[in-house]
Amino acid sequence: MPESPSPNHGYPGRLLVFEGLDGSGKSTQASLLGKWLQSRDYRVFFTEWNSSELVSGVIRRGKKKGLLTPTTFSLLHATDFADRFERQILPPLRAGYLVVCDRYAFTAFVRDAARGCDPNWVRTIYSFAPRPDRVFYFRVPVQVTLQRKVASRLKINYYEAGMDLGLSDDLQESYVRFQSRLKQEYERLAESDRFTLIDSTRSVEEIQARLRANLRPLLENFPTGARMLHDG
Amino acid sequence: MTDRTYGTRLPGMPTEPLTGKLVVIEGADGSGRTTEVALLKAWLEVEGHAVVDTGLRRSDLVSAEIDRAKQGHTLGSTTLALLYAADFADQLENKIVPALSAGSTVLADRYIYTLMARAIVRGASREYARELYSFALRPDLVLFLDARPEILLHRSIGKYGSLDYWESGMDLSLSRDLFESFFLYQDRLSSEFEWMTTEYDFHRVDANRFPEQVHVDVQKLVAPLYGTTAPTPRPSPRPKRTNRPSRGRRTAASE
C-alpha cells in the first residue's frame with residue numbers, strides 16, 4: 001500500500017498545515033502567520049478546505065437531497081481536494097512558495113474515520129498528497145468550541161454536528177458527540193503523524209509567538225521574494 | 001452472495017447476505033458488450049429471473065460534473081479518477097446493492113475494471129487503482145468480450161461514422177492522428193486488462209464473432225450460476241444488432 005501522505009515531497013517550497021476542530025482558532029492563527037511571512041518578503045500561498053468549484057455543487061446538492069453515504073461523501077471530498085491539490089497547492093509548492101493550508105488531508109482522515117470509513121482505505125486514496133513540513137494541531141476541548149460558537153452566535157450546521165450519523169436528535173448533543181469523535185481521531189494522528197501541538201486555550205499572541213518561533217529554523221535558508229525574482 | 005468486497009468494507013452495508021447475482025460484462029467499445037447485455041437480460045428474464053442492468057456514468061449524483069469535466073476544463077488525472085470512483089460508489093450503494101439485496105440479478109455493462117484501466121493509462125499506479133476500488137463487490141462472474149483492435153476499429157467507425165475522441169484516448173496526446181491514437185490507446189488498455197484477467201478472474205469470450213455465437217458461449221458461462229445448463233442453440237434468424245439495452249428487450253435469440 002502506498003504510504004500516505006507520501007514522505008518528503010522534495011519540492012523547493014514548504015507545506016505548512018493547520019489542523020484542528022472548528023472553533024480551535026487555527027484559521028485566525030494561519031491568517032496572522034501568513035501576514036507575518038508576507039511582511040518578511042516571503043512568497044506565501046494560502047488555501048482553505050472545500051473551496052474548489054468543481055464538486056462543491058455536487059456536495060451541496062447531495063447533502064440537500066440526503067443522497068450522500070459515508071463512502072460517496074469521502075470520495076467527493078477527495079475529488080475536491082485532489083482538484084485543489086493539482087491546481088492550487090502543487091504549482092506554488094513546485095515554484096518554491098510557502099504554502100499555508102487551513103486544513104489538509106488529515107481533516108478527511110478524521111471525518112471519514114468518524115463516519116465509519118476504513119481508515120487505511122482513506123489514507124490510500126489520499127496518497128497523492130505529500131507529507132507536510134509542519135502540521136500545527138490546535139488542541140481544544142470540545143466544550144470550548146461550543147462556547148465559542150454560542151458566544152459568537154454561530155449556528156451549528158447539520159454536518160458539523162454529524163447529524164447524518166444519527167448520534168442524537170438534539171443538535172447540540174450530536175455536535176458534542178461527533179466533535180469528540182473527531183478529536184479522538186486527531187489525537188491518534190497527532191502521534192502517528194508527528195503533529196506540532198498547539199494549546200488553543202492560550203492567548204492569540206502567545207500562540208502566534210510560538211508558531212513564529214517554531215518556523216524560524218525552517219525559514220533560515222528559505223529564499224525571500226526579492227531573491228526569487230532577482231539574482232545576486 | 002455474502003458481503004464480499006475486494007478488501008475494504010463499506011460502512012452502512014446491509015448485514016444480511018446479498019442473494020442476487022452480480023454478472024459483469026467488460027470489453028472495449030465495439031466489443032459487443034451492450035448487445036450481449038440486452039440478449040442476456042432477455043434470456044434471463046424468460047428463465048424467470050429479475051434483472052437490473054447498470055452501466056457506468058448513469059448515476060444522478062455526479063454525471064453532470066463528469067460531462068462538464070469532459071467538455072473542456074481539464075481535470076488532473078487523480079481528480080478525474082476520484083470523480084469516477086465517487087460516481088461508481090453512488091451506483092454501487094444506491095442501485096447495485098439494493099437490487100442484489102432484493103434477490104435480483106445485476107448485469108453490469110462495464111464495472112470497476114474499465115475505470116481502473118482508464119485511470120492507469122492516464123497516470124495512476126496499478127496499486128492506487130486497485131486500492132481505490134477495493135470497496136467494490138466481487139462479481140459472481142466477469143465476462144470479458146475480447147475483440148481484435150481491427151474489429152473494434154471497424155465497429156467503432158460503423159457506429160459513430162468515425163472514431164470517438166475518448167475511445168481513441170485523444171486526451172492522452174499519444175498521437176495527433178486519431179487513427180494512430182486509437183490503436184495506441186486500445187493497446188494500452190488491453191495490457192491493463194491482461195493483468196486483471198488473472199487477478200480478477202475474467203472469463204474471456206471470443207468477441208470477434210457474430211453476436212449470437214458470442215451469446216451461446218456467454219449462456220454456457222452464466223447458466224451454472226443458477227444451477228442450470230445453457231439451452232441448446234437452435235438455428236434462429238440473426239437478431240437485429242441493438243446498441244441500446246432498452247430496445248433489446250425482445251430479440252429473436254430469446255424466443
# chains A, B, ... in the order shown; residues from 1 in each chain; ligands from 1
$ interface_residues --of "chain A" --to "chain B" --cutoff "10 Å" --atoms "only C-alpha atoms" --output "VMD selection string"
chain A and resid 1 to 2 54 to 55 57 to 59 61 to 62 65 67 to 87 115 to 122 124 to 128
$ residues_around --residues "Tyr137 (chain A)" --least-positions-apart "2" --cutoff "8 Å" --atoms "only C-alpha atoms" --output "ChimeraX atom specification"
/A:18-20,135,139,190,195-198
$ write_last_selection --atoms "C-alpha atoms" --output "PDB file, in the first residue's frame"
ATOM      1  CA  PHE A  18      -3.146  23.972  10.243  1.00  0.00           C
ATOM      2  CA  GLU A  19      -5.459  21.330  11.652  1.00  0.00           C
ATOM      3  CA  GLY A  20      -7.958  21.182  14.479  1.00  0.00           C
ATOM      4  CA  VAL A 135       1.333  20.190  10.866  1.00  0.00           C
ATOM      5  CA  ARG A 139      -5.839  21.060  20.563  1.00  0.00           C
ATOM      6  CA  ALA A 190      -1.074  13.686  16.401  1.00  0.00           C
ATOM      7  CA  PHE A 195       1.892  16.910  14.688  1.00  0.00           C
ATOM      8  CA  THR A 196       3.197  20.014  16.434  1.00  0.00           C
ATOM      9  CA  LEU A 197       0.805  20.527  19.330  1.00  0.00           C
ATOM     10  CA  ILE A 198      -0.653  23.960  19.931  1.00  0.00           C
TER      11      ILE A 198
END
$ select_by_dssp --residues "region 49-249 of chain B" --states "alpha helix (DSSP H)" --output "count of residues only"
91
$ select_by_dssp --residues "region 74-129 of chain A" --states "strand (DSSP E or B)" --output "PDB file with C-alpha atoms, in the first residue's frame"
ATOM      1  CA  LEU A  98       5.401  28.786   1.412  1.00  0.00           C
ATOM      2  CA  VAL A  99       2.036  27.088   1.065  1.00  0.00           C
ATOM      3  CA  VAL A 100      -0.209  27.587   4.082  1.00  0.00           C
ATOM      4  CA  CYS A 101      -3.149  25.170   4.253  1.00  0.00           C
ATOM      5  CA  ASP A 102      -6.075  25.788   6.561  1.00  0.00           C
TER       6      ASP A 102
END
$ residues_around --residues "Ala151 (chain A)" --least-positions-apart "6" --cutoff "12 Å" --atoms "only C-alpha atoms" --output "ChimeraX atom specification"
/A:23,144-145
$ write_last_selection --atoms "C-alpha atoms" --output "PDB file, in the first residue's frame"
ATOM      1  CA  GLY A  23     -13.524  26.922  16.661  1.00  0.00           C
ATOM      2  CA  VAL A 144     -14.702  25.333  24.470  1.00  0.00           C
ATOM      3  CA  THR A 145     -15.506  25.172  20.732  1.00  0.00           C
TER       4      THR A 145
END
$ residues_around --residues "Gln186 (chain B)" --least-positions-apart "6" --cutoff "10 Å" --atoms "only C-alpha atoms" --output "mmCIF file with N, CA and C atoms, in the first residue's frame"
data_model
loop_
_atom_site.group_PDB
_atom_site.id
_atom_site.type_symbol
_atom_site.label_atom_id
_atom_site.label_comp_id
_atom_site.auth_asym_id
_atom_site.auth_seq_id
_atom_site.Cartn_x
_atom_site.Cartn_y
_atom_site.Cartn_z
ATOM 1 N N ALA B 28 -13.894 -3.649 -24.620
ATOM 2 C CA ALA B 28 -13.699 -2.339 -25.227
ATOM 3 C C ALA B 28 -14.973 -1.887 -25.923
ATOM 4 N N ASP B 29 -14.986 -0.607 -26.307
ATOM 5 C CA ASP B 29 -16.086 -0.070 -27.082
ATOM 6 C C ASP B 29 -16.069 -0.793 -28.431
ATOM 7 N N ARG B 148 -10.365 -8.169 -31.474
ATOM 8 C CA ARG B 148 -9.127 -7.591 -32.026
ATOM 9 C C ARG B 148 -9.309 -6.098 -32.309
ATOM 10 N N PRO B 149 -8.230 -5.325 -32.165
ATOM 11 C CA PRO B 149 -8.328 -3.876 -32.431
ATOM 12 C C PRO B 149 -8.877 -3.549 -33.818
ATOM 13 N N LEU B 152 -12.543 -3.860 -33.622
ATOM 14 C CA LEU B 152 -13.075 -2.740 -32.829
ATOM 15 C C LEU B 152 -13.118 -1.481 -33.681
ATOM 16 N N LEU B 153 -12.068 -1.288 -34.441
ATOM 17 C CA LEU B 153 -11.975 -0.108 -35.306
ATOM 18 C C LEU B 153 -13.149 -0.051 -36.286
ATOM 19 N N GLU B 167 -12.765 7.286 -26.844
ATOM 20 C CA GLU B 167 -12.401 5.880 -27.031
ATOM 21 C C GLU B 167 -11.085 5.749 -27.801
ATOM 22 N N SER B 168 -10.641 6.862 -28.364
ATOM 23 C CA SER B 168 -9.354 6.851 -29.044
ATOM 24 C C SER B 168 -8.276 7.430 -28.143
ATOM 25 N N GLY B 169 -8.661 7.794 -26.923
ATOM 26 C CA GLY B 169 -7.699 8.314 -25.948
ATOM 27 C C GLY B 169 -7.021 9.593 -26.408
ATOM 28 N N GLU B 192 -3.621 -3.493 -19.619
ATOM 29 C CA GLU B 192 -4.150 -3.441 -18.247
ATOM 30 C C GLU B 192 -5.158 -4.577 -18.018
#
$ residues_around --residues "Thr224 (chain A)" --least-positions-apart "5" --cutoff "9 Å" --atoms "only C-alpha atoms" --output "list in words"
Arg40, Asp41, Tyr42, Arg43 and Leu229 of chain A
$ write_last_selection --atoms "C-alpha atoms" --output "PDB file, in the first residue's frame"
ATOM      1  CA  ARG A  40       9.155  39.466   5.763  1.00  0.00           C
ATOM      2  CA  ASP A  41       9.037  39.221   1.978  1.00  0.00           C
ATOM      3  CA  TYR A  42       8.322  35.525   1.686  1.00  0.00           C
ATOM      4  CA  ARG A  43       6.140  34.333  -1.159  1.00  0.00           C
ATOM      5  CA  LEU A 229      12.931  37.477  -8.657  1.00  0.00           C
TER       6      LEU A 229
END
$ atom_distance --atom1 "CA of Val216 (chain B)" --atom2 "CA of Thr232 (chain B)"
8.5 Å
$ atom_distance --atom1 "CA of Tyr158 (chain A)" --atom2 "CA of Lys26 (chain A)"
21.4 Å
$ closest_residue --among "A:Leu16, A:Leu146, A:Ala129, A:Leu165" --to "Leu33 (chain A)" --atoms "only C-alpha atoms"
A:Leu16
$ atom_distance --atom1 "CA of Arg110 (chain B)" --atom2 "CA of Asp177 (chain B)"
27.3 Å
$ closest_residue --among "B:Ala108, B:Met170, B:Ala207, B:Leu184" --to "Ile151 (chain B)" --atoms "only C-alpha atoms"
B:Ala207
$ closest_residue --among "A:Tyr11, A:Phe109, A:Tyr186, A:Trp49" --to "Tyr97 (chain A)" --atoms "only C-alpha atoms"
A:Tyr11
